[in-house]
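**Student:** This is the content of entry33.txt (compact mmCIF, C-alpha atoms):
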```
# COMPACT_ATOMS: atom_id res chain seq x y z
CA MET J 1 -74.31 -1.54 29.60
CA LEU J 2 -75.85 1.82 28.84
CA ARG J 3 -78.69 3.20 30.94
CA LYS J 4 -81.06 5.74 29.47
CA GLU J 5 -83.39 7.23 32.08
CA ASN J 6 -85.89 8.83 29.72
CA SER J 7 -86.29 6.53 26.76
CA LYS J 8 -88.92 7.08 24.08
CA TYR J 9 -90.87 4.17 25.61
CA GLY J 10 -91.56 6.08 28.85
CA VAL J 11 -89.57 3.72 31.05
CA PRO J 12 -85.82 3.45 31.74
CA MET J 13 -83.95 1.58 29.04
CA TYR J 14 -80.87 -0.59 29.56
CA MET J 15 -78.82 -1.44 26.49
CA LEU J 16 -76.79 -4.57 27.16
CA HIS J 17 -73.52 -5.09 25.37
CA PRO J 18 -72.21 -8.56 24.56
CA GLY J 19 -71.04 -10.13 27.85
CA ASP J 20 -73.44 -8.09 30.00
CA TYR J 21 -76.36 -9.26 32.12
CA TYR J 22 -78.93 -7.38 34.14
CA VAL J 23 -81.83 -8.34 36.41
CA THR J 24 -84.55 -6.20 37.95
CA ASP J 25 -88.04 -6.16 39.44
CA GLN J 26 -88.60 -2.60 38.20
CA LYS J 27 -90.58 -1.66 35.13
CA CYS J 28 -88.09 -0.94 32.35
CA LEU J 29 -86.90 -2.22 29.01
CA MET J 30 -83.71 -4.10 28.30
CA GLY J 31 -82.33 -4.14 24.81
CA SER J 32 -79.54 -5.69 22.84
CA ILE J 33 -78.52 -6.78 19.37
CA ALA J 34 -77.63 -10.45 18.99
CA GLY J 35 -75.54 -11.57 16.05
CA ILE J 36 -73.53 -14.73 16.47
CA THR J 37 -73.95 -14.30 20.23
CA ALA J 38 -77.10 -15.31 22.14
CA VAL J 39 -79.50 -13.16 24.13
CA VAL J 40 -81.30 -15.01 26.92
CA CYS J 41 -84.35 -13.45 28.58
CA LEU J 42 -85.55 -15.06 31.81
CA TYR J 43 -88.55 -13.98 33.85
CA ASP J 44 -90.67 -15.04 36.77
CA PRO J 45 -94.10 -13.77 35.65
CA GLY J 46 -95.86 -14.28 39.01
CA ARG J 47 -93.29 -12.26 40.95
CA ARG J 48 -92.62 -9.80 38.11
CA ILE J 49 -88.84 -10.24 38.10
CA GLY J 50 -86.75 -10.70 34.97
CA GLY J 51 -83.32 -10.45 33.48
CA MET J 52 -81.38 -10.55 30.27
CA GLY J 53 -77.94 -11.96 29.50
CA HIS J 54 -75.86 -11.70 26.34
CA PHE J 55 -73.09 -14.26 25.78
CA ILE J 56 -71.55 -16.93 23.56
CA ILE J 57 -70.38 -20.50 24.03
CA PRO J 58 -66.84 -20.26 22.71
CA GLY J 59 -66.36 -23.29 20.53
CA THR J 60 -67.77 -26.41 19.09
CA GLN J 61 -69.76 -28.65 21.32
CA GLY J 62 -68.66 -32.26 21.28
CA THR J 63 -70.96 -35.21 21.43
CA GLU J 64 -70.86 -35.14 25.23
CA ASP J 65 -73.65 -33.74 27.33
CA ILE J 66 -73.21 -30.03 28.15
CA LEU J 67 -72.53 -31.03 31.75
CA PHE J 68 -69.25 -32.61 30.79
CA ASP J 69 -68.25 -30.29 27.98
CA ASP J 70 -65.84 -27.60 29.12
CA ILE J 71 -66.88 -24.97 26.60
CA SER J 72 -70.39 -24.88 28.10
CA LYS J 73 -69.17 -23.33 31.32
CA GLU J 74 -69.24 -19.76 29.94
CA GLY J 75 -72.93 -20.15 29.15
CA ILE J 76 -73.78 -21.95 32.38
CA LEU J 77 -71.99 -19.25 34.38
CA LYS J 78 -73.73 -16.38 32.58
CA ILE J 79 -77.15 -17.96 33.12
CA GLU J 80 -76.24 -18.72 36.76
CA TYR J 81 -75.50 -15.00 37.28
CA ILE J 82 -78.97 -14.11 36.00
CA MET J 83 -80.64 -16.87 38.04
CA GLY J 84 -78.76 -15.82 41.20
CA GLU J 85 -79.92 -12.21 40.89
CA ILE J 86 -83.51 -13.30 40.20
CA VAL J 87 -83.47 -15.50 43.33
CA LYS J 88 -82.01 -12.62 45.39
CA LEU J 89 -85.03 -10.53 44.38
CA GLY J 90 -87.38 -13.31 45.52
CA GLY J 91 -87.81 -15.32 42.31
CA ASP J 92 -87.76 -19.09 42.02
CA ARG J 93 -86.03 -21.09 39.29
CA LYS J 94 -89.02 -23.44 39.17
CA ASP J 95 -91.28 -20.61 38.01
CA LEU J 96 -88.98 -19.14 35.38
CA LYS J 97 -89.67 -18.95 31.67
CA ALA J 98 -87.14 -18.37 28.91
CA LYS J 99 -87.07 -16.51 25.61
CA LEU J 100 -84.00 -17.03 23.42
CA PHE J 101 -82.58 -15.08 20.50
CA GLY J 102 -79.50 -14.93 18.33
CA ALA J 103 -76.80 -17.53 17.75
CA GLY J 104 -76.90 -16.53 14.11
CA SER J 105 -74.59 -17.87 11.47
CA TYR J 106 -73.31 -15.64 8.77
CA PRO J 107 -70.07 -15.19 6.89
CA GLY J 108 -67.48 -12.73 8.09
CA THR J 109 -66.87 -14.21 11.50
CA ASP J 110 -63.47 -15.69 12.28
CA ASN J 111 -64.76 -19.08 13.43
CA ASN J 112 -66.82 -21.57 11.49
CA PRO J 113 -70.12 -19.70 11.83
CA LEU J 114 -72.47 -22.61 11.16
CA THR J 115 -70.77 -24.92 13.67
CA LEU J 116 -70.59 -22.17 16.27
CA SER J 117 -74.24 -21.32 15.76
CA ARG J 118 -75.29 -24.98 16.08
CA SER J 119 -73.19 -25.38 19.23
CA ASN J 120 -74.79 -22.38 20.88
CA ILE J 121 -78.30 -23.48 19.93
CA THR J 122 -77.63 -27.02 21.20
CA PHE J 123 -76.27 -25.61 24.45
CA LEU J 124 -79.32 -23.41 25.02
CA HIS J 125 -81.79 -26.22 24.29
CA ASP J 126 -79.88 -28.75 26.45
CA TYR J 127 -79.42 -26.32 29.33
CA PHE J 128 -83.07 -25.30 29.60
CA ARG J 129 -84.24 -28.91 29.17
CA ASN J 130 -81.88 -29.93 32.04
CA GLU J 131 -83.27 -27.18 34.23
CA GLY J 132 -86.89 -27.88 33.33
CA ILE J 133 -87.37 -24.23 32.34
CA PRO J 134 -89.84 -23.84 29.45
CA ILE J 135 -88.71 -21.95 26.36
CA ILE J 136 -91.72 -19.79 25.56
CA LYS J 137 -90.27 -18.18 22.46
CA GLU J 138 -87.11 -18.52 20.42
CA SER J 139 -85.61 -17.11 17.28
CA LEU J 140 -82.24 -18.72 16.79
CA GLY J 141 -79.82 -19.38 13.94
CA GLY J 142 -80.10 -18.15 10.37
CA ARG J 143 -78.23 -15.34 8.73
CA HIS J 144 -79.68 -12.51 10.77
CA ARG J 145 -78.83 -10.11 13.50
CA ARG J 146 -81.69 -9.59 15.90
CA LYS J 147 -82.62 -6.49 17.78
CA VAL J 148 -84.35 -7.53 21.00
CA LEU J 149 -86.30 -5.41 23.49
CA PHE J 150 -87.42 -7.17 26.69
CA SER J 151 -89.79 -6.06 29.41
CA PRO J 152 -88.55 -8.00 32.47
CA VAL J 153 -91.61 -7.67 34.70
CA ASP J 154 -94.02 -9.33 32.27
CA GLY J 155 -91.67 -11.10 29.87
CA LYS J 156 -92.89 -9.29 26.74
CA VAL J 157 -90.39 -9.23 23.92
CA PHE J 158 -90.21 -7.14 20.78
CA MET J 159 -87.83 -8.53 18.20
CA LYS J 160 -86.78 -7.26 14.82
CA LEU J 161 -84.66 -9.12 12.29
CA LEU J 162 -82.00 -6.81 10.92
CA GLU J 163 -81.61 -7.62 7.24
CA ASN J 164 -78.41 -5.63 6.98
CA ASN J 165 -75.95 -4.08 9.37
CA MET J 166 -77.79 -0.76 9.64
CA ASP J 167 -78.08 0.48 13.23
CA ALA J 168 -75.82 -2.32 14.41
CA SER J 169 -72.32 -1.16 13.52
CA LYS J 170 -71.41 -0.37 17.13
CA PHE J 171 -72.73 -3.74 18.29
CA ILE J 172 -70.87 -5.58 15.53
CA GLU J 173 -67.61 -4.14 16.86
CA LEU J 174 -68.52 -4.83 20.51
CA GLU J 175 -69.58 -8.36 19.63
CA LYS J 176 -66.31 -9.00 17.82
CA GLN J 177 -64.30 -7.71 20.80
CA TYR J 178 -66.34 -9.83 23.23
CA VAL J 179 -66.13 -13.01 21.14
CA ASP J 180 -62.36 -12.57 20.70
CA GLN J 181 -61.94 -12.07 24.44
CA VAL J 182 -64.02 -15.14 25.33
CA PHE J 183 -62.14 -17.32 22.86
CA ARG J 184 -58.79 -16.02 24.14
CA SER J 185 -59.60 -16.40 27.83
CA GLY J 186 -59.63 -20.22 27.62
CA ASP J 187 -59.97 -22.12 30.87
CA THR J 188 -60.78 -19.60 33.57
CA TYR J 189 -62.00 -20.91 36.87
CA GLY J 190 -63.15 -19.34 40.12
CA ASP J 191 -61.05 -18.99 43.27
CA VAL J 192 -60.81 -21.56 46.04
CA ILE J 193 -60.69 -20.04 49.54
CA MET J 194 -60.25 -22.22 52.61
CA PHE J 195 -61.23 -20.83 56.03
CA MET K 1 -68.91 -48.86 58.82
CA LYS K 2 -71.52 -46.10 58.41
CA VAL K 3 -72.43 -45.02 54.89
CA LYS K 4 -71.37 -41.36 54.47
CA HIS K 5 -73.12 -39.08 51.99
CA ILE K 6 -71.93 -35.96 50.23
CA MET K 7 -74.78 -33.45 50.11
CA VAL K 8 -74.98 -31.29 46.96
CA ILE K 9 -77.40 -28.46 47.64
CA ASP K 10 -78.07 -26.21 44.64
CA ASP K 11 -81.26 -25.08 42.94
CA SER K 12 -79.69 -25.74 39.53
CA ASN K 13 -80.07 -29.28 38.23
CA THR K 14 -77.15 -28.61 35.84
CA ILE K 15 -74.81 -27.73 38.72
CA ARG K 16 -76.00 -30.64 40.89
CA MET K 17 -75.38 -33.10 38.05
CA SER K 18 -72.06 -31.53 37.18
CA VAL K 19 -70.80 -31.75 40.81
CA GLN K 20 -72.13 -35.30 41.03
CA HIS K 21 -70.24 -36.23 37.86
CA THR K 22 -67.03 -34.61 39.17
CA LEU K 23 -67.12 -36.41 42.52
CA LYS K 24 -68.46 -39.82 41.51
CA GLU K 25 -65.03 -41.47 41.45
CA LEU K 26 -64.52 -40.63 45.15
CA GLY K 27 -67.03 -43.38 45.86
CA TYR K 28 -69.36 -41.54 48.22
CA PRO K 29 -73.11 -41.61 47.65
CA ILE K 30 -74.16 -38.14 46.49
CA THR K 31 -77.46 -36.80 47.80
CA PRO K 32 -78.84 -33.83 45.86
CA ALA K 33 -81.11 -31.19 47.38
CA GLU K 34 -82.80 -28.16 45.77
CA ASN K 35 -82.40 -25.60 48.58
CA GLY K 36 -81.22 -25.29 52.18
CA PHE K 37 -84.50 -26.44 53.62
CA ASP K 38 -84.61 -29.52 51.37
CA GLY K 39 -80.97 -30.18 52.36
CA LEU K 40 -81.73 -30.14 56.09
CA ASN K 41 -84.70 -32.51 55.57
CA LYS K 42 -82.59 -34.93 53.55
CA ILE K 43 -79.80 -34.85 56.17
CA GLN K 44 -82.40 -35.73 58.80
CA ASP K 45 -83.57 -38.67 56.64
CA ILE K 46 -79.96 -39.85 56.22
CA CYS K 47 -79.30 -39.69 59.97
CA SER K 48 -82.59 -41.42 60.81
CA LYS K 49 -81.45 -44.39 58.71
CA GLY K 50 -78.29 -44.62 60.82
CA GLU K 51 -76.14 -43.20 58.02
CA ASP K 52 -74.00 -40.06 58.09
CA VAL K 53 -73.03 -36.95 56.13
CA ALA K 54 -69.37 -36.68 55.10
CA MET K 55 -69.67 -33.13 53.79
CA CYS K 56 -72.04 -30.56 52.32
CA ILE K 57 -71.51 -28.54 49.13
CA VAL K 58 -73.97 -25.69 49.05
CA ASP K 59 -74.90 -22.79 46.77
CA VAL K 60 -75.67 -19.33 48.21
CA ASN K 61 -78.60 -17.96 46.22
CA MET K 62 -81.49 -20.40 46.49
CA PRO K 63 -85.21 -19.96 47.14
CA GLU K 64 -86.86 -21.04 50.43
CA MET K 65 -83.57 -21.26 52.36
CA ASP K 66 -80.31 -19.80 51.02
CA GLY K 67 -76.88 -21.30 51.55
CA ILE K 68 -75.73 -19.02 54.39
CA SER K 69 -78.94 -19.72 56.36
CA PHE K 70 -78.43 -23.43 55.70
CA VAL K 71 -74.90 -23.30 57.18
CA LYS K 72 -76.16 -21.45 60.28
CA GLU K 73 -78.95 -24.02 60.83
CA PHE K 74 -76.67 -26.98 60.12
CA ARG K 75 -74.04 -25.70 62.56
CA LYS K 76 -76.60 -25.63 65.40
CA THR K 77 -76.42 -29.43 65.51
CA ASP K 78 -73.15 -30.23 63.73
CA GLN K 79 -69.95 -28.28 64.38
CA PHE K 80 -67.54 -30.58 62.57
CA THR K 81 -68.82 -31.85 59.21
CA PRO K 82 -67.17 -29.74 56.49
CA VAL K 83 -69.36 -27.39 54.45
CA ILE K 84 -68.11 -25.85 51.21
CA ILE K 85 -69.91 -22.94 49.63
CA LEU K 86 -70.00 -23.23 45.80
CA THR K 87 -71.35 -20.04 44.28
CA THR K 88 -71.07 -17.30 41.67
CA GLU K 89 -70.78 -14.79 44.55
CA SER K 90 -67.24 -13.53 45.05
CA GLY K 91 -67.68 -10.33 47.10
CA SER K 92 -65.59 -10.15 50.28
CA ALA K 93 -68.60 -9.23 52.47
CA LYS K 94 -70.48 -12.34 51.36
CA ILE K 95 -67.40 -14.55 51.83
CA GLU K 96 -66.98 -13.16 55.35
CA GLU K 97 -70.65 -13.91 56.02
CA GLY K 98 -70.08 -17.52 54.95
CA LYS K 99 -67.01 -17.81 57.14
CA ASN K 100 -68.84 -16.39 60.15
CA ALA K 101 -71.75 -18.77 59.57
CA GLY K 102 -69.35 -21.69 59.91
CA ALA K 103 -68.46 -22.69 56.35
CA SER K 104 -65.16 -24.51 55.83
CA GLY K 105 -64.36 -23.06 52.42
CA TRP K 106 -65.61 -20.98 49.50
CA LEU K 107 -65.38 -21.99 45.83
CA VAL K 108 -66.32 -19.52 43.14
CA LYS K 109 -68.08 -20.86 40.02
CA PRO K 110 -67.10 -21.93 37.46
CA PHE K 111 -65.31 -24.57 39.47
CA GLU K 112 -62.31 -26.45 38.19
CA PRO K 113 -63.24 -30.13 38.55
CA SER K 114 -59.82 -31.14 39.89
CA ALA K 115 -59.85 -28.28 42.44
CA LEU K 116 -63.26 -29.33 43.72
CA LYS K 117 -62.17 -32.97 43.94
CA THR K 118 -58.94 -32.06 45.80
CA THR K 119 -60.79 -29.75 48.20
CA VAL K 120 -63.37 -32.42 49.00
CA GLN K 121 -60.71 -35.10 49.53
CA ARG K 122 -58.70 -32.80 51.79
CA LEU K 123 -61.67 -31.87 53.97
CA ILE K 124 -63.17 -35.35 54.23
CA ARG K 125 -59.89 -37.02 55.22
```
Can the structure in the file be given as structure tokens, please?
**Tutor:**
Amino acid sequence: MLRKENSKYGVPMYMLHPGDYYVTDQKCLMGSIAGITAVVCLYDPGRRIGGMGHFIIPGTQGTEDILFDDISKEGILKIEYIMGEIVKLGGDRKDLKAKLFGAGSYPGTDNNPLTLSRSNITFLHDYFRNEGIPIIKESLGGRHRRKVLFSPVDGKVFMKLLENNMDASKFIELEKQYVDQVFRSGDTYGDVIMF
Amino acid sequence: MKVKHIMVIDDSNTIRMSVQHTLKELGYPITPAENGFDGLNKIQDICSKGEDVAMCIVDVNMPEMDGISFVKEFRKTDQFTPVIILTTESGSAKIEEGKNAGASGWLVKPFEPSALKTTVQRLIR
């Protein structure tokens, strides 16, 4: 993640790379470029707390519910990180709203892009339905990259569809590295510590 | 024999359902709760019906009452029932806080279903 103290918008700007997440109750902007990956923006408008996460579900979702499908755990974990930080700052899951972007499908990716895109979109819809968190805005799928700017304290989003790869070359490389790493990492679980 | 419940205390419905699904074959009734406060109330309801709690699985970051506060409150009246913390938190200071509060173990999410099942079986025995 890159932090720019004096952005042209007059507030600090955080550029999230694929795999990053960030949560704050301070006025700022968070930005990212979503290609085949998804950018999730969550905010608690009453308490003025919000966060962004950038991730991918690494594989094709089966017919099972996301609860029982192993590939969903990367997405659940990433959203749990954001939720946890929002709660630490005083937010409540019951008051959260979501805005979702990305999960595009376009040629040039190593995996079947359409299937991967559908899997990620299905995951996002199923997850937020399970949690009872309303999706206020979404722009998912299609053959686009999306540049997203998010204001976490009020949930405002500015999104631009990138018709070509201009301005996104660095993100394309970072996204490729992140997706490769997530696909390679396979089954990674947390530690068990007994007292 | 008294009915013994496993409490699953997490503000995420996805995690509650996922833990419930993982542990269903152990045969214990699973009682979900949305935060520490809700958990304590439900434990009181269980006990007032003459039933018991076999163990608690609790998240850390929750609104109203977090997991560490729940363990501290729970331990005021129950020193022996196992409590496992199941959380995304993995910092040593937080783990130490959980240990000092009286937790029996600490599992970092994402949890491996078989590891959770084994841990629960070992502690309940």
**Student:** Mind listing as a list in words which residues of chain J are within 7 Å of chain K, counting all atoms listed in the file?
**Tutor:** Leu67, Lys73, Leu77, Tyr81, Gly84, Val87, Lys88, Asp92, Asn130, Glu131, Tyr189, Gly190, Asp191, Val192, Ile193, Met194 and Phe195 of chain J
**Student:** If I take atom CA of Asp10 of chain K and atom CA of Glu34 of chain K, how far is one from the other in Å, to one decimal?
**Tutor:** 5.2 Å
**Student:** Which of these residues is nearest to Phe55 of chain J, using only C-alpha atoms: J:Lys94, J:Arg143, J:Lys176, J:Lys27?
**Tutor:**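 Nearest candidate to Phe55 of chain J out of J:Lys94, J:Arg143, J:Lys176, J:Lys27: J:Lys176.
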**Student:** Under the rule that all atoms listed in the file are counted, which of K:Gln79, K:Gln44, K:Ser69, K:Gln121 is the nearest residue to Glu25 of chain K?
**Tutor:** K:Gln121
**Student:** Between K:Ala33, K:Cys56, K:Val83, K:Cys47, which is the closest to Lys2 of chain K once you count only C-alpha atoms?
**Tutor:** K:Cys47
**Student:** Give the answer as one residue: which of K:Val3, K:Asn35, K:Leu40, K:Ala93 has the shortest atom-to-atom distance to Lys76 of chain K, using all atoms listed in the file?
**Tutor:**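 Of K:Val3, K:Asn35, K:Leu40, K:Ala93, the one nearest Lys76 of chain K, counting all atoms listed in the file, is K:Leu40.
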**Student:** Could you tell me how far atom CA of Leu23 of chain K sits from atom CA of Asp52 of chain K, in Å to one decimal place?
**Tutor:**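 So the two atoms, atom CA of Asp52 of chain K and atom CA of Leu23 of chain K, lie 17.4 Å apart.
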**Student:** Please return the centre and edge lengths, in Å to one decimal, of a box with edges along x, y and z that contains all listed atoms of segment 46-55 of chain J, widened by 5 Å on every side, as lines of an AutoDock Vina configuration file.
**Tutor:**
```
center_x = -84.5
center_y = -12.0
center_z = 33.4
size_x = 32.8
size_y = 14.5
size_z = 25.2
```
**Student:** Using only C-alpha atoms, can you list as a ChimeraX atom specification the residues within 9 Å of (-87.0, -11.2, 22.8)?
**Tutor:** /J:31,39-41,99-101,137-139,146-151,155-160
**Student:** Take the residues that were just selected and, keeping C-alpha atoms, output them as a PDB file, in the coordinates of the input.
**Tutor:**
```
ATOM      1  CA  GLY J  31     -82.330  -4.140  24.810  1.00  0.00           C
ATOM      2  CA  VAL J  39     -79.500 -13.160  24.130  1.00  0.00           C
ATOM      3  CA  VAL J  40     -81.300 -15.010  26.920  1.00  0.00           C
ATOM      4  CA  CYS J  41     -84.350 -13.450  28.580  1.00  0.00           C
ATOM      5  CA  LYS J  99     -87.070 -16.510  25.610  1.00  0.00           C
ATOM      6  CA  LEU J 100     -84.000 -17.030  23.420  1.00  0.00           C
ATOM      7  CA  PHE J 101     -82.580 -15.080  20.500  1.00  0.00           C
ATOM      8  CA  LYS J 137     -90.270 -18.180  22.460  1.00  0.00           C
ATOM      9  CA  GLU J 138     -87.110 -18.520  20.420  1.00  0.00           C
ATOM     10  CA  SER J 139     -85.610 -17.110  17.280  1.00  0.00           C
ATOM     11  CA  ARG J 146     -81.690  -9.590  15.900  1.00  0.00           C
ATOM     12  CA  LYS J 147     -82.620  -6.490  17.780  1.00  0.00           C
ATOM     13  CA  VAL J 148     -84.350  -7.530  21.000  1.00  0.00           C
ATOM     14  CA  LEU J 149     -86.300  -5.410  23.490  1.00  0.00           C
ATOM     15  CA  PHE J 150     -87.420  -7.170  26.690  1.00  0.00           C
ATOM     16  CA  SER J 151     -89.790  -6.060  29.410  1.00  0.00           C
ATOM     17  CA  GLY J 155     -91.670 -11.100  29.870  1.00  0.00           C
ATOM     18  CA  LYS J 156     -92.890  -9.290  26.740  1.00  0.00           C
ATOM     19  CA  VAL J 157     -90.390  -9.230  23.920  1.00  0.00           C
ATOM     20  CA  PHE J 158     -90.210  -7.140  20.780  1.00  0.00           C
ATOM     21  CA  MET J 159     -87.830  -8.530  18.200  1.00  0.00           C
ATOM     22  CA  LYS J 160     -86.780  -7.260  14.820  1.00  0.00           C
TER      23      LYS J 160
END
```
**Student:** State, in Å with one decimal place, the distance from atom CA of Asn120 of chain J to atom CA of Pro58 of chain J.
**Tutor:** 8.4 Å
**Student:** Counting only C-alpha atoms, which residue out of J:Val182, J:Met83, J:Ile36, J:Ile135 sits closest to Ser105 of chain J?
**Tutor:** J:Ile36
**Student:** For a quick check of understanding, using all atoms listed in the file, which of K:Met1, K:Met65, K:Ala101, K:Ala54 has the smallest distance to Gly36 of chain K?
**Tutor:**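 Smallest distance to Gly36 of chain K is found for K:Met65.
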**Student:** Which polymer residues, whether protein, DNA or RNA, lie within 9 Å of the coordinate (-62.1, -30.3, 30.5) when you count all atoms listed in the file? List them as a list in words, using the chain letters and numbers from the file.
**Tutor:**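 Final list of nearby residues, as requested, is Phe68, Asp69, Asp70, Ile71 and Asp187 of chain J; Glu112 and Pro113 of chain K.
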**Student:** I want to know what sits within 7 Å of segment 18-20 of chain J, based on all atoms listed in the file, with residues of the same chain fewer than 6 positions away left out; could you give that as a VMD selection string?
**Tutor:** chain J and resid 1 53 to 55 174 to 175 178
